[in-house]
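Structure below is upload.txt: compact mmCIF, C-alpha atoms.
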# COMPACT_ATOMS: atom_id res chain seq x y z
CA MET A 1 -7.43 -9.61 36.51
CA SER A 2 -3.97 -8.10 36.82
CA VAL A 3 -2.26 -6.57 33.81
CA ASP A 4 1.49 -6.58 33.26
CA PRO A 5 2.27 -3.38 31.26
CA LEU A 6 5.72 -4.64 30.22
CA ALA A 7 4.28 -7.90 28.92
CA LEU A 8 1.62 -6.02 26.94
CA LEU A 9 4.23 -3.80 25.32
CA ILE A 10 6.18 -6.88 24.21
CA ASP A 11 3.21 -9.00 23.11
CA GLU A 12 1.47 -7.16 20.26
CA HIS A 13 -1.48 -9.56 20.15
CA GLY A 14 -1.95 -9.31 23.90
CA LEU A 15 -1.86 -5.52 23.71
CA ALA A 16 -4.43 -5.47 20.90
CA ALA A 17 -6.67 -7.87 22.83
CA TYR A 18 -6.41 -5.74 25.99
CA LEU A 19 -7.23 -2.51 24.15
CA ALA A 20 -10.27 -4.22 22.63
CA THR A 21 -11.69 -4.67 26.15
CA LEU A 22 -11.61 -0.94 26.88
CA SER A 23 -14.43 1.48 26.25
CA THR A 24 -14.23 3.84 23.27
CA ALA A 25 -13.85 6.81 25.64
CA TRP A 26 -10.80 5.21 27.27
CA LEU A 27 -9.33 4.37 23.87
CA LEU A 28 -9.70 7.96 22.68
CA LEU A 29 -8.08 9.20 25.88
CA ILE A 30 -5.17 6.79 25.38
CA ILE A 31 -4.73 7.99 21.78
CA VAL A 32 -4.64 11.63 22.90
CA LEU A 33 -2.13 10.85 25.66
CA THR A 34 0.15 8.84 23.37
CA ILE A 35 0.07 11.60 20.76
CA LEU A 36 1.15 14.07 23.45
CA THR A 37 3.94 11.80 24.67
CA LEU A 38 5.07 11.25 21.08
CA SER A 39 5.43 15.00 20.72
CA LYS A 40 7.21 15.36 24.07
CA GLY A 41 9.60 12.51 23.33
CA ALA A 42 10.49 14.00 19.95
CA ASP A 43 10.96 17.39 21.62
CA TRP A 44 13.45 15.96 24.11
CA MET A 45 15.28 14.21 21.32
CA ILE A 46 15.52 17.37 19.23
CA GLU A 47 16.85 19.41 22.14
CA GLY A 48 19.59 16.88 22.76
CA VAL A 49 20.53 16.52 19.09
CA VAL A 50 20.57 20.27 18.51
CA ALA A 51 22.81 20.79 21.53
CA LEU A 52 25.27 18.22 20.21
CA ALA A 53 25.10 19.74 16.73
CA ARG A 54 25.88 23.20 18.12
CA ARG A 55 28.94 21.77 19.79
CA THR A 56 30.18 20.52 16.42
CA GLY A 57 29.78 23.97 14.81
CA LEU A 58 27.37 22.81 12.09
CA PRO A 59 25.52 25.60 10.24
CA ARG A 60 22.04 26.36 11.56
CA ILE A 61 20.50 25.38 8.23
CA VAL A 62 21.87 21.84 8.64
CA ILE A 63 20.17 21.55 12.01
CA GLY A 64 16.85 22.82 10.66
CA ALA A 65 16.71 20.95 7.36
CA THR A 66 18.30 17.63 8.36
CA ILE A 67 18.83 16.94 12.06
CA VAL A 68 15.65 18.61 13.33
CA SER A 69 13.64 17.16 10.43
CA LEU A 70 15.04 13.72 11.17
CA GLY A 71 14.06 14.10 14.80
CA THR A 72 10.54 15.33 14.10
CA THR A 73 9.86 12.49 11.64
CA MET A 74 10.83 9.83 14.20
CA PRO A 75 7.20 9.47 15.42
CA GLU A 76 6.00 8.83 11.86
CA ALA A 77 8.83 6.34 11.33
CA PHE A 78 8.14 4.33 14.48
CA VAL A 79 4.36 4.36 13.97
CA SER A 80 4.66 3.24 10.35
CA VAL A 81 7.29 0.55 10.98
CA MET A 82 5.27 -0.89 13.85
CA ALA A 83 2.08 -0.73 11.81
CA ALA A 84 3.82 -2.64 9.01
CA PHE A 85 5.00 -5.30 11.47
CA MET A 86 1.50 -5.56 12.92
CA GLY A 87 -0.18 -6.02 9.54
CA ASP A 88 -1.77 -2.58 9.07
CA PRO A 89 -0.45 -1.45 5.64
CA GLY A 90 -3.05 1.30 5.34
CA LEU A 91 -1.92 2.73 8.67
CA ALA A 92 1.79 2.48 7.76
CA LEU A 93 1.52 4.03 4.30
CA GLY A 94 -1.28 6.42 5.19
CA ASN A 95 0.71 7.84 8.08
CA GLY A 96 3.65 8.73 5.83
CA VAL A 97 1.53 10.23 3.05
CA GLY A 98 -0.84 11.94 5.49
CA SER A 99 2.09 13.49 7.35
CA ILE A 100 3.39 15.05 4.12
CA ILE A 101 -0.04 16.54 3.49
CA ALA A 102 -0.30 17.78 7.08
CA ASP A 103 3.25 19.19 7.16
CA THR A 104 2.88 21.20 3.96
CA GLY A 105 -0.82 22.00 3.93
CA LEU A 106 -1.55 22.53 7.61
CA ILE A 107 1.74 23.35 9.32
CA PHE A 108 3.40 25.48 6.62
CA GLY A 109 0.02 26.95 5.70
CA VAL A 110 -0.51 28.18 9.25
CA THR A 111 3.11 29.40 9.48
CA ALA A 112 2.79 31.48 6.30
CA LEU A 113 -0.49 32.93 7.54
CA VAL A 114 0.86 34.13 10.89
CA ALA A 115 4.42 35.16 9.93
CA LYS A 116 6.45 36.69 7.12
CA VAL A 117 8.30 33.60 5.92
CA PRO A 118 11.46 34.04 3.79
CA ALA A 119 11.84 31.90 0.67
CA ASP A 120 15.50 30.91 0.67
CA ARG A 121 15.98 30.21 -3.04
CA PHE A 122 19.34 28.48 -2.52
CA ILE A 123 17.80 25.84 -0.28
CA LEU A 124 14.34 25.66 -1.88
CA ASN A 125 15.79 25.30 -5.39
CA ARG A 126 17.68 22.25 -4.18
CA THR A 127 15.95 20.57 -1.24
CA GLY A 128 12.58 21.83 -2.52
CA TRP A 129 12.99 19.94 -5.79
CA VAL A 130 14.00 16.82 -3.85
CA GLN A 131 10.81 17.23 -1.80
CA LEU A 132 8.63 17.12 -4.92
CA ALA A 133 10.74 14.47 -6.67
CA ALA A 134 10.56 12.09 -3.71
CA ALA A 135 6.76 12.33 -3.62
CA LEU A 136 6.47 11.82 -7.39
CA LEU A 137 8.84 8.84 -7.12
CA LEU A 138 6.57 7.31 -4.48
CA VAL A 139 3.55 7.77 -6.75
CA LEU A 140 5.50 6.32 -9.69
CA MET A 141 6.53 3.24 -7.70
CA ALA A 142 2.95 2.77 -6.52
CA THR A 143 1.67 3.10 -10.10
CA ILE A 144 4.19 0.55 -11.37
CA ALA A 145 3.15 -1.80 -8.57
CA ARG A 146 -0.50 -1.39 -9.58
CA LEU A 147 0.16 -2.02 -13.27
CA GLY A 148 2.20 -5.12 -12.48
CA SER A 149 -0.05 -6.56 -9.79
CA GLY A 150 -2.71 -8.05 -12.08
CA ALA A 151 -5.63 -9.21 -9.97
CA ALA A 152 -3.70 -8.95 -6.71
CA GLU A 153 -3.56 -5.81 -4.55
CA PRO A 154 -0.49 -3.69 -5.41
CA VAL A 155 2.41 -3.81 -2.96
CA LEU A 156 5.47 -1.69 -2.20
CA GLY A 157 8.02 -4.41 -1.56
CA ARG A 158 11.19 -4.55 0.50
CA GLY A 159 13.24 -3.75 -2.61
CA VAL A 160 11.47 -0.40 -2.88
CA GLY A 161 12.09 0.20 0.83
CA VAL A 162 15.82 -0.46 0.48
CA PHE A 163 15.96 1.79 -2.61
CA PHE A 164 14.29 4.63 -0.67
CA LEU A 165 16.71 4.25 2.25
CA VAL A 166 19.70 4.41 -0.12
CA LEU A 167 18.25 7.60 -1.60
CA LEU A 168 17.82 8.88 1.96
CA LEU A 169 21.55 8.54 2.65
CA ALA A 170 22.34 10.34 -0.61
CA TYR A 171 19.90 13.13 0.31
CA LEU A 172 21.40 13.61 3.78
CA TYR A 173 24.89 13.84 2.31
CA MET A 174 23.85 16.32 -0.40
CA SER A 175 21.94 18.41 2.16
CA TYR A 176 25.12 18.71 4.19
CA VAL A 177 27.11 19.72 1.10
CA TRP A 178 24.50 22.30 0.06
CA ALA A 179 24.32 23.73 3.56
CA ARG A 180 28.10 24.12 3.73
CA GLU A 181 28.04 25.93 0.38
CA HIS A 182 25.28 28.22 1.62
CA SER A 183 26.84 28.87 5.05
CA PRO A 184 30.58 28.39 4.63
CA GLY A 185 31.33 30.13 7.90
CA GLY A 186 29.70 27.48 10.07
CA ALA A 187 27.24 28.06 12.88
CA ALA A 188 28.13 30.36 15.67
CA ALA A 189 26.24 30.01 18.91
CA ASP A 190 23.81 32.86 19.44
CA PRO A 191 24.06 34.65 22.76
CA ASP A 192 20.32 34.34 23.31
CA GLU A 193 20.49 30.56 23.07
CA GLY A 194 22.05 30.30 26.51
CA ALA A 195 24.76 27.98 27.77
CA LEU A 196 25.10 24.59 26.16
CA PRO A 197 23.89 21.69 28.31
CA SER A 198 26.37 19.02 29.31
CA LEU A 199 27.09 16.08 27.04
CA LEU A 200 25.51 13.75 29.60
CA ARG A 201 22.27 15.73 29.61
CA SER A 202 22.23 15.88 25.80
CA PHE A 203 22.65 12.12 25.50
CA ALA A 204 20.00 11.56 28.20
CA GLU A 205 17.53 13.73 26.28
CA ILE A 206 18.22 11.85 23.06
CA VAL A 207 17.91 8.38 24.61
CA GLY A 208 14.91 9.34 26.74
CA GLY A 209 13.17 10.99 23.80
CA ILE A 210 13.66 8.00 21.52
CA GLY A 211 12.42 5.63 24.23
CA LEU A 212 9.30 7.72 24.84
CA VAL A 213 8.58 7.87 21.12
CA ILE A 214 8.91 4.08 20.74
CA LEU A 215 6.66 3.30 23.71
CA SER A 216 4.03 5.85 22.63
CA ALA A 217 3.97 4.55 19.07
CA ARG A 218 3.71 0.98 20.37
CA VAL A 219 0.39 1.84 22.06
CA LEU A 220 -0.90 4.32 19.47
CA VAL A 221 -0.95 1.88 16.53
CA PRO A 222 -3.31 -0.78 17.96
CA GLY A 223 -5.36 1.91 19.71
CA ALA A 224 -6.01 3.73 16.43
CA ALA A 225 -6.73 0.43 14.65
CA GLU A 226 -9.31 -0.54 17.29
CA VAL A 227 -11.08 2.83 17.10
CA ALA A 228 -11.12 2.59 13.29
CA ALA A 229 -12.72 -0.84 13.46
CA ARG A 230 -15.41 0.31 15.90
CA PHE A 231 -16.42 3.30 13.80
CA GLY A 232 -16.19 1.46 10.51
CA VAL A 233 -13.56 3.85 9.18
CA PRO A 234 -10.84 2.45 6.87
CA HIS A 235 -7.42 2.29 8.52
CA ASP A 236 -5.78 4.41 5.85
CA VAL A 237 -8.27 7.24 6.46
CA ILE A 238 -7.58 7.18 10.20
CA ALA A 239 -3.82 7.14 9.51
CA ALA A 240 -3.93 10.05 7.09
CA THR A 241 -5.93 12.27 9.45
CA MET A 242 -5.83 11.65 13.21
CA VAL A 243 -2.61 9.63 13.48
CA ALA A 244 -0.78 11.60 10.77
CA PHE A 245 -1.72 14.89 12.42
CA GLY A 246 -0.74 13.58 15.83
CA THR A 247 2.68 12.38 14.73
CA SER A 248 3.15 15.69 12.86
CA LEU A 249 2.79 17.61 16.13
CA PRO A 250 6.60 17.87 16.56
CA GLU A 251 6.81 19.71 13.23
CA LEU A 252 3.92 21.97 14.27
CA VAL A 253 5.51 22.72 17.65
CA THR A 254 8.88 23.38 15.96
CA ALA A 255 7.27 25.72 13.41
CA LEU A 256 5.40 27.73 16.04
CA ALA A 257 8.49 27.97 18.25
CA ALA A 258 10.58 29.13 15.29
CA VAL A 259 8.05 31.84 14.46
CA ARG A 260 7.84 32.93 18.10
CA LYS A 261 11.62 33.29 18.31
CA GLY A 262 11.84 35.20 15.02
CA HIS A 263 13.34 32.40 12.90
CA PRO A 264 10.55 31.30 10.50
CA GLU A 265 13.16 30.08 8.00
CA ILE A 266 13.82 27.15 10.36
CA ALA A 267 10.16 26.15 9.97
CA VAL A 268 10.52 26.13 6.17
CA GLY A 269 13.62 23.93 6.31
CA ASN A 270 11.95 21.60 8.79
CA VAL A 271 8.80 21.16 6.70
CA VAL A 272 10.69 20.61 3.43
CA GLY A 273 13.14 18.20 5.06
CA ALA A 274 10.35 16.36 6.89
CA ASP A 275 8.47 15.81 3.63
CA VAL A 276 11.53 14.22 2.04
CA LEU A 277 12.10 12.06 5.09
CA ASN A 278 8.46 10.98 5.24
CA CYS A 279 8.86 9.55 1.73
CA LEU A 280 12.35 8.12 1.89
CA PHE A 281 12.75 7.34 5.61
CA VAL A 282 9.25 6.67 7.00
CA ILE A 283 7.78 4.79 4.04
CA GLY A 284 11.15 3.26 3.12
CA ALA A 285 11.70 1.86 6.61
CA ALA A 286 8.11 0.60 6.83
CA ALA A 287 8.43 -1.18 3.48
CA CYS A 288 11.68 -2.80 4.66
CA ALA A 289 9.91 -4.02 7.79
CA SER A 290 7.07 -5.58 5.81
CA PRO A 291 5.82 -5.16 2.22
CA LEU A 292 3.13 -2.45 2.13
CA GLN A 293 -0.14 -3.17 0.38
CA ILE A 294 -1.59 -0.06 -1.30
CA PRO A 295 -5.35 0.37 -0.76
CA PRO A 296 -7.33 1.72 -3.77
CA THR A 297 -8.10 5.01 -1.99
CA PHE A 298 -4.47 6.07 -2.30
CA TYR A 299 -4.72 6.21 -6.09
CA THR A 300 -8.02 8.08 -6.12
CA PHE A 301 -7.60 10.33 -3.09
CA HIS A 302 -4.42 10.47 -0.97
CA PHE A 303 -1.81 10.58 -3.74
CA PRO A 304 -3.65 13.28 -5.75
CA ALA A 305 -4.05 15.42 -2.61
CA MET A 306 -0.35 15.06 -1.75
CA VAL A 307 0.79 15.95 -5.28
CA ALA A 308 -1.58 18.95 -5.52
CA ILE A 309 -0.29 20.43 -2.24
CA LEU A 310 3.39 19.84 -3.07
CA ILE A 311 3.09 21.28 -6.59
CA SER A 312 1.37 24.36 -5.12
CA PHE A 313 4.21 24.76 -2.62
CA ARG A 314 6.82 24.39 -5.38
CA ILE A 315 5.12 27.06 -7.51
CA PHE A 316 4.93 29.42 -4.53
CA SER A 317 8.62 28.79 -3.78
CA MET A 318 9.60 29.72 -7.34
CA ARG A 319 7.35 32.78 -7.53
CA ALA A 320 7.88 34.24 -4.05
CA ALA A 321 8.18 37.94 -4.90
CA GLY A 322 10.71 39.87 -2.83
CA GLY A 323 12.08 36.67 -1.35
CA TYR A 324 9.07 36.02 0.91
CA PHE A 325 6.04 33.77 0.84
CA ARG A 326 2.72 35.61 0.81
CA ARG A 327 -0.02 35.09 3.35
CA TRP A 328 -2.40 33.96 0.62
CA HIS A 329 0.06 31.18 -0.18
CA GLY A 330 -0.49 29.89 3.34
CA GLY A 331 -4.23 30.35 2.98
CA TRP A 332 -4.27 28.34 -0.25
CA LEU A 333 -2.28 25.45 1.23
CA LEU A 334 -4.39 25.42 4.38
CA SER A 335 -7.57 25.44 2.27
CA LEU A 336 -6.36 22.41 0.30
CA TYR A 337 -5.69 20.59 3.55
CA LEU A 338 -9.13 21.43 4.96
CA ILE A 339 -10.81 20.30 1.72
CA TYR A 340 -8.83 17.05 1.94
CA ILE A 341 -9.99 16.44 5.51
CA THR A 342 -13.60 17.41 4.72
CA LEU A 343 -13.81 15.09 1.71
CA GLN A 344 -12.49 12.20 3.81
CA PHE A 345 -15.10 12.84 6.47
CA VAL A 346 -17.88 13.00 3.86
CA ALA A 347 -16.67 9.86 2.09
CA THR A 348 -16.62 7.82 5.31
CA HIS A 349 -20.09 8.93 6.39
CA GLN A 350 -22.02 8.22 3.19
What is this structure when it is put down as structure tokens?
Amino acid sequence: MSVDPLALLIDEHGLAAYLATLSTAWLLLIIVLTILTLSKGADWMIEGVVALARRTGLPRIVIGATIVSLGTTMPEAFVSVMAAFMGDPGLALGNGVGSIIADTGLIFGVTALVAKVPADRFILNRTGWVQLAAALLLVLMATIARLGSGAAEPVLGRGVGVFFLVLLLAYLYMSYVWAREHSPGGAAADPDEGALPSLLRSFAEIVGGIGLVILSARVLVPGAAEVAARFGVPHDVIAATMVAFGTSLPELVTALAAVRKGHPEIAVGNVVGADVLNCLFVIGAAACASPLQIPPTFYTFHFPAMVAILISFRIFSMRAAGGYFRRWHGGWLLSLYLIYITLQFVATHQ
């Protein structure tokens, strides 16, 4: 029986049916490959966007906290929007929430452990508060939905999604204003960054990266759903661990590259910005695509874990002595993330 790859990518039911015929080993291999291509596509996109941003003379902090963060959250956005369209609310919502937990607990935790990370109070006292406020707003909206749902399962409707996207635009504008205040001189190109690529190459990287992200996410969603069904694991648990970690790989790669090149502050801006975007952009766009049902485990497990990690990060940001995060800060955040993952594994194997 011949298979038309293009037809499968267009027909979501046909793709799901085809993946169901594959062995579990093949499905796991496909998930790994699509996670890798998600990361590569986002990497191409970031390189093209950063090159264009450098041509405009934007401050480096704008690139790290807004443009790069927007690029690295594209995988989460596409996965969640497609999951919402395909009727997997646990996967859509769990991916956004799980990515926040992974970004702050795992990625920043590892960064603070391996490098001396500066705590830029100007940025963290502004964007950092938005990071926590956006997460608390998500929990508040989910709580209101639960209280008003009666016997039905609570839902984040399209109105909430539109509201989050409006807040996203306001956040992007304020981030630009704050960055200009912090770096009034603009961004000068560093000599070690090399020559700027041509505009054609930059646009090709952006378009190619976005296309690779879309195609990878298109295959990853039904693949993860099929594996979850075979192992009897709830979709939201799979989303908040394997898929969320996989789509957070661009942030991890960005953080490690920033540390390697001696610019750990870029990693901080990327993580903080990505957390805001995961709430307002990823979950907002997914809710606009299709109302998101909220499984009970979010109230008892995922939301508390997210809030605990973000409050810890906020406290560390405010109390960073000497203007730097401490290594034990990273150890604490990483420990919370590992406890979160361990408890999920235990809960699903009882």
Which of A:Val219, A:Leu38, A:Thr73, A:Asn95 sits closest to Gly14 of chain A [using all atoms listed in the file]
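For Gly14 of chain A, the nearest of the given residues is A:Val219.
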Counting only C-alpha atoms, which of A:Leu343, A:Leu140, A:Ala25, A:Ala267 gets nearest to Phe301 of chain A?
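Between A:Leu343, A:Leu140, A:Ala25, A:Ala267, the residue approaching Phe301 of chain A most closely is A:Leu343.
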Residues within 6 Å of segment 313-323 of chain A, please, as a PyMOL selection string. Count all atoms listed in the file; anything in the same chain fewer than 2 positions from it doesn't count.
chain A and resi 118-119+310-311+325
Residue nearest Ala142 of chain A - candidates A:Leu91, A:Ile283, A:Ala229, A:Leu106, atoms counted: all atoms listed in the file
A:Ile283
Counting all atoms listed in the file, figure out which residue out of A:Gln131, A:Gln344, A:Asn278, A:Ser202 gets nearest to Val233 of chain A.
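Checking each of A:Gln131, A:Gln344, A:Asn278, A:Ser202 against Val233 of chain A, counting all atoms listed in the file, the winner is A:Gln344.
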Within 12 Å of (-7.9, -3.0, 16.3) (coordinates as in the file), grab all the protein and nucleic acid residues, counting only C-alpha atoms, and write them out as a PDB file with C-alpha atoms, in the coordinates of the input.
ATOM      1  CA  GLU A  12       1.470  -7.160  20.260  1.00  0.00           C
ATOM      2  CA  HIS A  13      -1.480  -9.560  20.150  1.00  0.00           C
ATOM      3  CA  GLY A  14      -1.950  -9.310  23.900  1.00  0.00           C
ATOM      4  CA  LEU A  15      -1.860  -5.520  23.710  1.00  0.00           C
ATOM      5  CA  ALA A  16      -4.430  -5.470  20.900  1.00  0.00           C
ATOM      6  CA  ALA A  17      -6.670  -7.870  22.830  1.00  0.00           C
ATOM      7  CA  TYR A  18      -6.410  -5.740  25.990  1.00  0.00           C
ATOM      8  CA  LEU A  19      -7.230  -2.510  24.150  1.00  0.00           C
ATOM      9  CA  ALA A  20     -10.270  -4.220  22.630  1.00  0.00           C
ATOM     10  CA  THR A  21     -11.690  -4.670  26.150  1.00  0.00           C
ATOM     11  CA  LEU A  22     -11.610  -0.940  26.880  1.00  0.00           C
ATOM     12  CA  THR A  24     -14.230   3.840  23.270  1.00  0.00           C
ATOM     13  CA  LEU A  27      -9.330   4.370  23.870  1.00  0.00           C
ATOM     14  CA  ALA A  83       2.080  -0.730  11.810  1.00  0.00           C
ATOM     15  CA  MET A  86       1.500  -5.560  12.920  1.00  0.00           C
ATOM     16  CA  GLY A  87      -0.180  -6.020   9.540  1.00  0.00           C
ATOM     17  CA  ASP A  88      -1.770  -2.580   9.070  1.00  0.00           C
ATOM     18  CA  LEU A  91      -1.920   2.730   8.670  1.00  0.00           C
ATOM     19  CA  VAL A 219       0.390   1.840  22.060  1.00  0.00           C
ATOM     20  CA  LEU A 220      -0.900   4.320  19.470  1.00  0.00           C
ATOM     21  CA  VAL A 221      -0.950   1.880  16.530  1.00  0.00           C
ATOM     22  CA  PRO A 222      -3.310  -0.780  17.960  1.00  0.00           C
ATOM     23  CA  GLY A 223      -5.360   1.910  19.710  1.00  0.00           C
ATOM     24  CA  ALA A 224      -6.010   3.730  16.430  1.00  0.00           C
ATOM     25  CA  ALA A 225      -6.730   0.430  14.650  1.00  0.00           C
ATOM     26  CA  GLU A 226      -9.310  -0.540  17.290  1.00  0.00           C
ATOM     27  CA  VAL A 227     -11.080   2.830  17.100  1.00  0.00           C
ATOM     28  CA  ALA A 228     -11.120   2.590  13.290  1.00  0.00           C
ATOM     29  CA  ALA A 229     -12.720  -0.840  13.460  1.00  0.00           C
ATOM     30  CA  ARG A 230     -15.410   0.310  15.900  1.00  0.00           C
ATOM     31  CA  PHE A 231     -16.420   3.300  13.800  1.00  0.00           C
ATOM     32  CA  GLY A 232     -16.190   1.460  10.510  1.00  0.00           C
ATOM     33  CA  VAL A 233     -13.560   3.850   9.180  1.00  0.00           C
ATOM     34  CA  PRO A 234     -10.840   2.450   6.870  1.00  0.00           C
ATOM     35  CA  HIS A 235      -7.420   2.290   8.520  1.00  0.00           C
ATOM     36  CA  ILE A 238      -7.580   7.180  10.200  1.00  0.00           C
TER      37      ILE A 238
END
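Interatomic distance, atom CA of Glu265 of chain A to atom CA of His302 of chain A: 27.8 Å.
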